[in-house]
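In what follows, a structure is listed as structure tokens, so that the remarks can point back to it.
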Amino acid sequence: MLNIQNVQELASRLQTEIGRKIVGKPQEVKLLLTALLASGHILMEDVPGTGKTLLARTLAASVQCRFQRIQFTPDLLPSDLTGGHFYNQKESEFVFRPGPLFAHIVLADEINRATPRTQSSLLECMEEQQISIDGESHSLDDPFMVIATQNPVDNQGTFPLPEAQMDRFMLKMSLGYPSAGEGVEILRRTLQQTLQPVRQSSSVDPELIAQAQPADLTKSSVHGSSADDTGAGNIQNAVTRDELIAARRYCRTVNVHDDLLDYMVRIAEATRVHADTALGASPRATQALLRASQAYAAMHGRDYVLPDDIQTLAVPVLAHRIIFRSRHQNAQEQAKQLLNSIIQTESVPTEQYSSHGER
């Protein structure tokens with residue numbers, strides 16, 4: 001039977017495997033794994049060349065799950081993502097061919113370059129893990145996770161994600177530039193060619209790719225690829241699909257004391273009543289903070305949540321959901337400052353919490 005040590009060991013295996021490709025960024029890797037274990041989706045926003053796509057691909061290579069990468073462009077259509085019904089002349093009937101969203105881990109690269117119509121096709125699958133096509137609902141396999149990337153600097157030809165779409169992402173994070181020492185290590189690995197793609201093997205079911213890329217859907221903006229095809233070569237499957245599903249279920253059993261539930265709600269309510277905010281953290285945001293805190297605690301070998309877990313995750317879970325009355329270029333930084341101020345002023349439960357959630 002799965003226990004907290006199993007979940008911690010699973011997370012450790014993934015961190016070790018990802019560390020073979022990603023230099024530094026231990027906290028960012030933890031946030032990515034937190035979203036994975038908490039059954040959430042993650043938005044990575046940063047300038048080009050900081051390793052957003054490589055991090056997502058390396059995670060996919062470390063988990064024994066189907067992986068699809070989609071390059072979002074203005075001409076991408078919703079049917080390019082979901083698939084659709086096509087006429088089979090041989091059988092003289094319409095058959096359904098699934099699109100690249102029918103995978104376990106989906107990398108939505110430069111998501112804000114697609115039109116709002118295409119972006120909206122992700123809403124149902126991210127929230128309900130199903131896709132409705134021609135009045136028929138198709139369930140997506142478990143696990144299902146969307147990892148989206150976007151560039152905050154280049155605004156030409158982009159379509160900002162609406163609030164409803166942003167609210168679907170459990171976490172938002174940035175990688176930032178590496179330190180000087182990390183930069184040297186990246187160059188050293190480049191010289192050793194460990195960052196070069198290996199195109200000899202595939203961890204994706206070829207039949208799935210064939211289904212996701214029928215002849216009728218030949219847009220170059222849709223790509224079905226293995227993790228090895230994407231710059232994460234030589235990464236081994238550290239976790240099987242069954243192990244990941246079991247770990248996700250276990251994370252939902254991590255104990256959270258009522259005082260900590262109240263603490264989460266107080267933080268969210270403070271963002272709603274602040275004079276500078278037009279839109280604060282929603283009830284969905286508090287649910288995301290709860291699930292993320294449970295997964296974060298489990299990753300650290302605890303079957304109970306501490307106030308520190310909530311404080312660590314408050315900014316990546318809540319900041320991208322806050323809308324200010326006066327739109328600023330640095331809205332993310334303003335939200336971060338607001339949340340840090342709220343965390344400093346709200347009273348923190350200080351008692352010790354046992355593994356049964358009792359004080």
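Going by the structure tokens order, chains are called A, B, ..., each with residues numbered from 1, while ligands are numbered from 1 in the order shown.
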Item to check | Close residues, Met1 in chain A itself excluded, 12 Å, only C-alpha atoms, min 3 positions apart in chain, as number ranges by chain | outcome: A: 4-7, 243, 246-247, 250
Item to check | Neighbour list for Leu76 in chain A as a PyMOL selection string, cut-off 7 Å, only C-alpha atoms, skip fewer than 3 positions in-chain | outcome: chain A and resi 72-73+80+114+118+221
Checklist entry - Residues at most 8 Å from Ala108 in chain A, counting only C-alpha atoms, excluding those fewer than 5 positions away in the same chain, as a PyMOL selection string? => result chain A and resi 69-72+146-149
Please, could you write that set of residues out with N, CA, C and O atoms as a CSV table (one decimal), in the first residue's frame?
```csv
chain,number,residue,atom,x,y,z
A,69,ARG,N,3.5,17.7,-28.1
A,69,ARG,CA,3.9,19.1,-28.1
A,69,ARG,C,3.1,19.8,-29.2
A,69,ARG,O,3.0,19.3,-30.3
A,70,ILE,N,2.6,21.0,-28.8
A,70,ILE,CA,1.8,21.8,-29.8
A,70,ILE,C,2.4,23.2,-29.9
A,70,ILE,O,2.5,23.9,-28.9
A,71,GLN,N,2.9,23.6,-31.1
A,71,GLN,CA,3.4,24.9,-31.3
A,71,GLN,C,2.2,25.8,-31.6
A,71,GLN,O,1.6,25.7,-32.7
A,72,PHE,N,1.8,26.7,-30.7
A,72,PHE,CA,0.6,27.6,-31.0
A,72,PHE,C,1.0,28.7,-31.9
A,72,PHE,O,2.0,29.4,-31.7
A,146,VAL,N,-1.6,20.0,-18.6
A,146,VAL,CA,-1.2,21.0,-19.6
A,146,VAL,C,0.0,21.8,-19.1
A,146,VAL,O,-0.2,22.4,-18.0
A,147,ILE,N,1.1,21.9,-19.8
A,147,ILE,CA,2.2,22.8,-19.4
A,147,ILE,C,2.3,23.8,-20.5
A,147,ILE,O,2.6,23.5,-21.7
A,148,ALA,N,2.0,25.0,-20.2
A,148,ALA,CA,1.9,26.1,-21.2
A,148,ALA,C,3.1,27.0,-21.0
A,148,ALA,O,3.5,27.3,-19.9
A,149,THR,N,3.6,27.6,-22.1
A,149,THR,CA,4.7,28.6,-22.0
A,149,THR,C,4.3,29.8,-22.8
A,149,THR,O,3.5,29.8,-23.7
```
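Take the candidates A:Asp262, A:Glu45, A:Glu346, A:Glu163 and check each one against Phe324 in chain A using only C-alpha atoms; the shortest distance goes to A:Glu163.
Across A:Pro143, A:Gly99, A:Gly51, A:Pro178, the tightest approach to Arg241 in chain A is made by A:Pro143 when counting only C-alpha atoms.
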Checklist entry - Excluding same-chain residues fewer than 6 positions from His104 in chain A, what lies within 12 Å of it counting only C-alpha atoms, as a PyMOL selection string? => result chain A and resi 36+39+41+59-61+63-69+125-126+129+139-147+204-205+208+241+244-245
Kindly save the residues from that selection, with C-alpha atoms included, as a short mmCIF file (atom, residue, chain, number, x, y, z; two decimals), in the first residue's frame.
```cif
data_model
loop_
_atom_site.label_atom_id
_atom_site.label_comp_id
_atom_site.auth_asym_id
_atom_site.auth_seq_id
_atom_site.Cartn_x
_atom_site.Cartn_y
_atom_site.Cartn_z
CA LEU A 36 1.95 17.29 -11.46
CA SER A 39 -3.43 17.15 -10.72
CA HIS A 41 -1.76 22.63 -14.87
CA LEU A 59 9.51 16.10 -17.22
CA ALA A 60 7.63 14.30 -19.98
CA ALA A 61 10.68 12.14 -20.68
CA VAL A 63 7.37 9.98 -16.73
CA GLN A 64 6.11 6.93 -18.58
CA CYS A 65 3.20 8.76 -20.18
CA ARG A 66 2.14 9.83 -23.64
CA PHE A 67 3.47 13.26 -24.56
CA GLN A 68 2.44 15.78 -27.21
CA ARG A 69 3.92 19.15 -28.07
CA CYS A 125 -10.21 19.67 -21.01
CA MET A 126 -8.23 21.55 -18.34
CA GLN A 129 -10.62 16.34 -18.30
CA SER A 139 -12.91 11.49 -21.68
CA LEU A 140 -9.17 12.08 -21.44
CA ASP A 141 -6.92 9.49 -19.85
CA ASP A 142 -5.50 9.95 -16.37
CA PRO A 143 -3.14 11.62 -15.74
CA PHE A 144 -3.72 14.72 -17.86
CA MET A 145 -1.60 17.85 -17.52
CA VAL A 146 -1.15 20.96 -19.63
CA ILE A 147 2.19 22.76 -19.43
CA VAL A 204 5.19 7.87 -27.75
CA ASP A 205 2.89 5.28 -29.22
CA LEU A 208 -1.35 7.60 -31.31
CA ARG A 241 2.04 5.95 -15.19
CA LEU A 244 2.06 8.62 -10.80
CA ILE A 245 -1.69 7.99 -10.62
#
```
Next on the checklist: as a PyMOL selection string, please: the residues near Ser137 in chain A (cut-off 12 Å, only C-alpha atoms, same-chain neighbours under 6 positions excluded).
Outcome noted: chain A and resi 82+84+96+124-125+128-131
Atoms to include: all heavy atoms. Write the selected residues as a PDB file, in the first residue's frame.
```pdb
ATOM      1  N   THR A  82      -8.214  19.288 -30.861  1.00  0.00           N
ATOM      2  CA  THR A  82      -9.146  18.284 -30.358  1.00  0.00           C
ATOM      3  C   THR A  82      -9.305  17.094 -31.289  1.00  0.00           C
ATOM      4  O   THR A  82      -9.641  15.994 -30.846  1.00  0.00           O
ATOM      5  CB  THR A  82     -10.537  18.907 -30.145  1.00  0.00           C
ATOM      6  OG1 THR A  82     -11.039  19.369 -31.407  1.00  0.00           O
ATOM      7  CG2 THR A  82     -10.457  20.088 -29.187  1.00  0.00           C
ATOM      8  N   GLY A  84     -11.315  15.506 -34.766  1.00  0.00           N
ATOM      9  CA  GLY A  84     -12.678  15.615 -35.267  1.00  0.00           C
ATOM     10  C   GLY A  84     -13.080  14.402 -36.076  1.00  0.00           C
ATOM     11  O   GLY A  84     -12.349  13.402 -36.138  1.00  0.00           O
ATOM     12  N   PHE A  96     -13.932   9.122 -35.958  1.00  0.00           N
ATOM     13  CA  PHE A  96     -13.308  10.128 -35.104  1.00  0.00           C
ATOM     14  C   PHE A  96     -11.801   9.893 -35.030  1.00  0.00           C
ATOM     15  O   PHE A  96     -11.352   8.785 -34.776  1.00  0.00           O
ATOM     16  CB  PHE A  96     -13.908  10.088 -33.703  1.00  0.00           C
ATOM     17  CG  PHE A  96     -13.223  11.025 -32.747  1.00  0.00           C
ATOM     18  CD1 PHE A  96     -13.370  12.404 -32.880  1.00  0.00           C
ATOM     19  CD2 PHE A  96     -12.417  10.535 -31.732  1.00  0.00           C
ATOM     20  CE1 PHE A  96     -12.727  13.273 -32.020  1.00  0.00           C
ATOM     21  CE2 PHE A  96     -11.776  11.403 -30.854  1.00  0.00           C
ATOM     22  CZ  PHE A  96     -11.930  12.772 -31.004  1.00  0.00           C
ATOM     23  N   GLU A 124     -12.350  23.341 -21.384  1.00  0.00           N
ATOM     24  CA  GLU A 124     -13.074  22.158 -20.913  1.00  0.00           C
ATOM     25  C   GLU A 124     -12.113  21.045 -20.508  1.00  0.00           C
ATOM     26  O   GLU A 124     -12.284  20.426 -19.457  1.00  0.00           O
ATOM     27  CB  GLU A 124     -14.040  21.648 -21.985  1.00  0.00           C
ATOM     28  CG  GLU A 124     -14.851  20.433 -21.522  1.00  0.00           C
ATOM     29  CD  GLU A 124     -15.755  19.879 -22.608  1.00  0.00           C
ATOM     30  OE1 GLU A 124     -15.566  20.245 -23.790  1.00  0.00           O
ATOM     31  OE2 GLU A 124     -16.644  19.074 -22.281  1.00  0.00           O
ATOM     32  N   CYS A 125     -11.102  20.803 -21.327  1.00  0.00           N
ATOM     33  CA  CYS A 125     -10.209  19.673 -21.015  1.00  0.00           C
ATOM     34  C   CYS A 125      -9.373  19.963 -19.774  1.00  0.00           C
ATOM     35  O   CYS A 125      -9.057  19.042 -19.014  1.00  0.00           O
ATOM     36  CB  CYS A 125      -9.319  19.345 -22.218  1.00  0.00           C
ATOM     37  SG  CYS A 125      -8.112  20.604 -22.653  1.00  0.00           S
ATOM     38  N   GLU A 128     -12.373  19.807 -16.771  1.00  0.00           N
ATOM     39  CA  GLU A 128     -13.189  18.607 -16.598  1.00  0.00           C
ATOM     40  C   GLU A 128     -12.541  17.350 -17.154  1.00  0.00           C
ATOM     41  O   GLU A 128     -13.127  16.269 -17.079  1.00  0.00           O
ATOM     42  CB  GLU A 128     -14.553  18.820 -17.266  1.00  0.00           C
ATOM     43  CG  GLU A 128     -15.305  20.026 -16.718  1.00  0.00           C
ATOM     44  CD  GLU A 128     -16.602  20.285 -17.470  1.00  0.00           C
ATOM     45  OE1 GLU A 128     -17.217  19.306 -17.941  1.00  0.00           O
ATOM     46  OE2 GLU A 128     -16.995  21.458 -17.593  1.00  0.00           O
ATOM     47  N   GLN A 129     -11.363  17.469 -17.732  1.00  0.00           N
ATOM     48  CA  GLN A 129     -10.621  16.340 -18.298  1.00  0.00           C
ATOM     49  C   GLN A 129     -11.459  15.592 -19.333  1.00  0.00           C
ATOM     50  O   GLN A 129     -11.500  14.371 -19.360  1.00  0.00           O
ATOM     51  CB  GLN A 129     -10.129  15.384 -17.203  1.00  0.00           C
ATOM     52  CG  GLN A 129      -8.916  14.564 -17.609  1.00  0.00           C
ATOM     53  CD  GLN A 129      -8.242  13.868 -16.445  1.00  0.00           C
ATOM     54  OE1 GLN A 129      -8.083  14.437 -15.378  1.00  0.00           O
ATOM     55  NE2 GLN A 129      -7.838  12.625 -16.645  1.00  0.00           N
ATOM     56  N   GLN A 130     -12.134  16.350 -20.157  1.00  0.00           N
ATOM     57  CA  GLN A 130     -12.896  15.776 -21.260  1.00  0.00           C
ATOM     58  C   GLN A 130     -12.982  16.800 -22.393  1.00  0.00           C
ATOM     59  O   GLN A 130     -12.732  17.989 -22.192  1.00  0.00           O
ATOM     60  CB  GLN A 130     -14.306  15.377 -20.823  1.00  0.00           C
ATOM     61  CG  GLN A 130     -15.220  16.545 -20.491  1.00  0.00           C
ATOM     62  CD  GLN A 130     -16.642  16.107 -20.175  1.00  0.00           C
ATOM     63  OE1 GLN A 130     -16.875  14.984 -19.755  1.00  0.00           O
ATOM     64  NE2 GLN A 130     -17.602  16.999 -20.380  1.00  0.00           N
ATOM     65  N   ILE A 131     -13.309  16.327 -23.588  1.00  0.00           N
ATOM     66  CA  ILE A 131     -13.427  17.190 -24.750  1.00  0.00           C
ATOM     67  C   ILE A 131     -14.762  16.897 -25.424  1.00  0.00           C
ATOM     68  O   ILE A 131     -15.102  15.729 -25.655  1.00  0.00           O
ATOM     69  CB  ILE A 131     -12.280  16.947 -25.753  1.00  0.00           C
ATOM     70  CG1 ILE A 131     -10.928  17.317 -25.117  1.00  0.00           C
ATOM     71  CG2 ILE A 131     -12.483  17.753 -27.026  1.00  0.00           C
ATOM     72  CD1 ILE A 131      -9.741  17.007 -26.008  1.00  0.00           C
TER      73      ILE A 131
END
```
Item to check | Nearest candidate to Val184 in chain A (options A:Val23, A:Ile105, A:Leu171, A:Glu9; using only C-alpha atoms) | outcome: A:Val23
Item to check | Atom pair CA of Met173 in chain A / CA of Arg291 in chain A: separation (Å) | outcome: 16.9 Å
Checklist entry - With distances taken over only C-alpha atoms, which of A:Ile267, A:Ala103, A:Ala298, A:Met170 is nearest to Leu2 in chain A? => result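 Closest to Leu2 in chain A, using only C-alpha atoms: A:Ala298.
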Please provide as a PDB file with N, CA, C and O atoms, in the first residue's frame all residues within 10 Å of Glu269 in chain A, with the sequence filter that same-chain residues fewer than 5 positions apart are discarded (counting only C-alpha atoms).
```pdb
ATOM      1  N   TYR A 263      -6.784  29.892   7.200  1.00  0.00           N
ATOM      2  CA  TYR A 263      -5.640  30.732   6.803  1.00  0.00           C
ATOM      3  C   TYR A 263      -5.625  30.948   5.288  1.00  0.00           C
ATOM      4  O   TYR A 263      -5.428  32.069   4.810  1.00  0.00           O
ATOM      5  N   MET A 264      -5.876  29.891   4.531  1.00  0.00           N
ATOM      6  CA  MET A 264      -5.921  30.015   3.069  1.00  0.00           C
ATOM      7  C   MET A 264      -7.037  30.968   2.633  1.00  0.00           C
ATOM      8  O   MET A 264      -6.841  31.813   1.750  1.00  0.00           O
ATOM      9  N   HIS A 274      -8.809  44.259  -1.262  1.00  0.00           N
ATOM     10  CA  HIS A 274      -7.756  45.277  -1.331  1.00  0.00           C
ATOM     11  C   HIS A 274      -8.184  46.402  -2.270  1.00  0.00           C
ATOM     12  O   HIS A 274      -8.800  46.177  -3.319  1.00  0.00           O
ATOM     13  N   GLY A 280      -9.872  39.565  -7.226  1.00  0.00           N
ATOM     14  CA  GLY A 280      -8.954  38.837  -6.358  1.00  0.00           C
ATOM     15  C   GLY A 280      -8.983  37.347  -6.628  1.00  0.00           C
ATOM     16  O   GLY A 280      -9.506  36.887  -7.637  1.00  0.00           O
ATOM     17  N   ALA A 281      -8.400  36.592  -5.722  1.00  0.00           N
ATOM     18  CA  ALA A 281      -8.319  35.139  -5.870  1.00  0.00           C
ATOM     19  C   ALA A 281      -9.705  34.518  -5.737  1.00  0.00           C
ATOM     20  O   ALA A 281     -10.452  34.813  -4.799  1.00  0.00           O
ATOM     21  N   SER A 282     -10.056  33.655  -6.677  1.00  0.00           N
ATOM     22  CA  SER A 282     -11.381  33.038  -6.720  1.00  0.00           C
ATOM     23  C   SER A 282     -11.442  31.816  -5.807  1.00  0.00           C
ATOM     24  O   SER A 282     -10.417  31.341  -5.310  1.00  0.00           O
ATOM     25  N   PRO A 283     -12.652  31.274  -5.572  1.00  0.00           N
ATOM     26  CA  PRO A 283     -12.744  30.003  -4.831  1.00  0.00           C
ATOM     27  C   PRO A 283     -11.942  28.888  -5.496  1.00  0.00           C
ATOM     28  O   PRO A 283     -11.383  28.031  -4.807  1.00  0.00           O
ATOM     29  N   THR A 286      -8.445  29.107  -4.183  1.00  0.00           N
ATOM     30  CA  THR A 286      -8.212  28.524  -2.857  1.00  0.00           C
ATOM     31  C   THR A 286      -8.177  26.996  -2.933  1.00  0.00           C
ATOM     32  O   THR A 286      -7.420  26.348  -2.207  1.00  0.00           O
TER      33      THR A 286
END
```
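Here CA of Met44 in chain A and CA of Leu306 in chain A stand 25.8 Å from one another.
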Who sits within 7 Å of range 17-21 of chain A, only C-alpha atoms, same chain under 3 positions skipped, as a compact mmCIF listing (two decimals) with N, CA and C atoms, in the first residue's frame:
```txt
# COMPACT_ATOMS: atom_id res chain seq x y z
N ARG A 13 12.98 10.81 -7.15
CA ARG A 13 13.44 10.20 -8.40
C ARG A 13 13.26 11.15 -9.57
N LEU A 14 12.11 11.81 -9.61
CA LEU A 14 11.85 12.74 -10.69
C LEU A 14 12.79 13.94 -10.63
N THR A 58 11.66 17.59 -20.48
CA THR A 58 12.41 16.69 -19.61
C THR A 58 11.49 16.00 -18.62
N LEU A 59 10.51 16.73 -18.09
CA LEU A 59 9.51 16.10 -17.22
C LEU A 59 8.79 15.00 -17.97
N SER A 62 10.70 11.93 -18.25
CA SER A 62 10.95 11.25 -16.98
C SER A 62 9.76 10.43 -16.52
N ILE A 235 17.22 10.83 -21.12
CA ILE A 235 16.47 10.82 -19.86
C ILE A 235 15.67 9.53 -19.79
N ALA A 238 11.62 7.63 -15.02
CA ALA A 238 11.86 7.45 -13.60
C ALA A 238 10.61 7.00 -12.87
```
Checklist entry - What does the distance between CA of Arg272 in chain A and CA of Leu31 in chain A come to in Å, to one decimal place? => result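 Taking CA of Arg272 in chain A and CA of Leu31 in chain A, their separation equals 24.6 Å.
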Checklist entry - So which residues of range 309-351 of chain A fall under alpha helix (DSSP H) by DSSP, listed as a list in words? => result Asp309, Ile310, Gln311, Thr312, Leu313, Ala314, Val315, Pro316, Val317, Leu318, Ala331, Gln332, Glu333, Gln334, Ala335, Lys336, Gln337, Leu338, Leu339, Asn340, Ser341, Ile342, Ile343, Gln344 and Thr345 of chain A
Please extract the residues of range 257-348 of chain A with a backbone DSSP assignment of strand (DSSP E or B) and present them as an mmCIF file with N, CA, C and O atoms, in the first residue's frame.
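Final file, states_10.cif:
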```cif
data_model
loop_
_atom_site.group_PDB
_atom_site.id
_atom_site.type_symbol
_atom_site.label_atom_id
_atom_site.label_comp_id
_atom_site.auth_asym_id
_atom_site.auth_seq_id
_atom_site.Cartn_x
_atom_site.Cartn_y
_atom_site.Cartn_z
ATOM 1 N N THR A 277 -7.222 46.169 -6.123
ATOM 2 C CA THR A 277 -7.576 45.025 -6.961
ATOM 3 C C THR A 277 -8.998 45.135 -7.503
ATOM 4 O O THR A 277 -9.925 45.511 -6.786
ATOM 5 N N ALA A 278 -9.136 44.784 -8.783
ATOM 6 C CA ALA A 278 -10.461 44.691 -9.392
ATOM 7 C C ALA A 278 -10.991 43.274 -9.291
ATOM 8 O O ALA A 278 -12.200 43.053 -9.270
ATOM 9 N N LEU A 279 -10.074 42.318 -9.242
ATOM 10 C CA LEU A 279 -10.458 40.908 -9.159
ATOM 11 C C LEU A 279 -9.418 40.179 -8.329
ATOM 12 O O LEU A 279 -8.220 40.193 -8.660
ATOM 13 N N TYR A 304 0.923 15.857 6.412
ATOM 14 C CA TYR A 304 0.155 16.986 6.949
ATOM 15 C C TYR A 304 0.772 18.276 6.427
ATOM 16 O O TYR A 304 1.977 18.368 6.164
ATOM 17 N N ILE A 323 -6.247 40.675 -10.657
ATOM 18 C CA ILE A 323 -6.356 41.743 -11.653
ATOM 19 C C ILE A 323 -6.457 43.077 -10.911
ATOM 20 O O ILE A 323 -7.284 43.226 -10.004
ATOM 21 N N PHE A 324 -5.610 44.025 -11.302
ATOM 22 C CA PHE A 324 -5.587 45.321 -10.627
ATOM 23 C C PHE A 324 -6.450 46.342 -11.375
ATOM 24 O O PHE A 324 -6.656 46.223 -12.582
#
```
Item to check | Nearest to Ala335 in chain A, chosen from A:Asp309, A:Asp75, A:Glu127, A:Asp276, with only C-alpha atoms counted in the distances | outcome: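 Among A:Asp309, A:Asp75, A:Glu127, A:Asp276, it is A:Asp276 that comes nearest to Ala335 in chain A.
Shortest separation to Ala331 in chain A among A:Thr240, A:Val305, A:Gln15, A:Pro152 occurs at residue A:Pro152, atoms counted being only C-alpha atoms.
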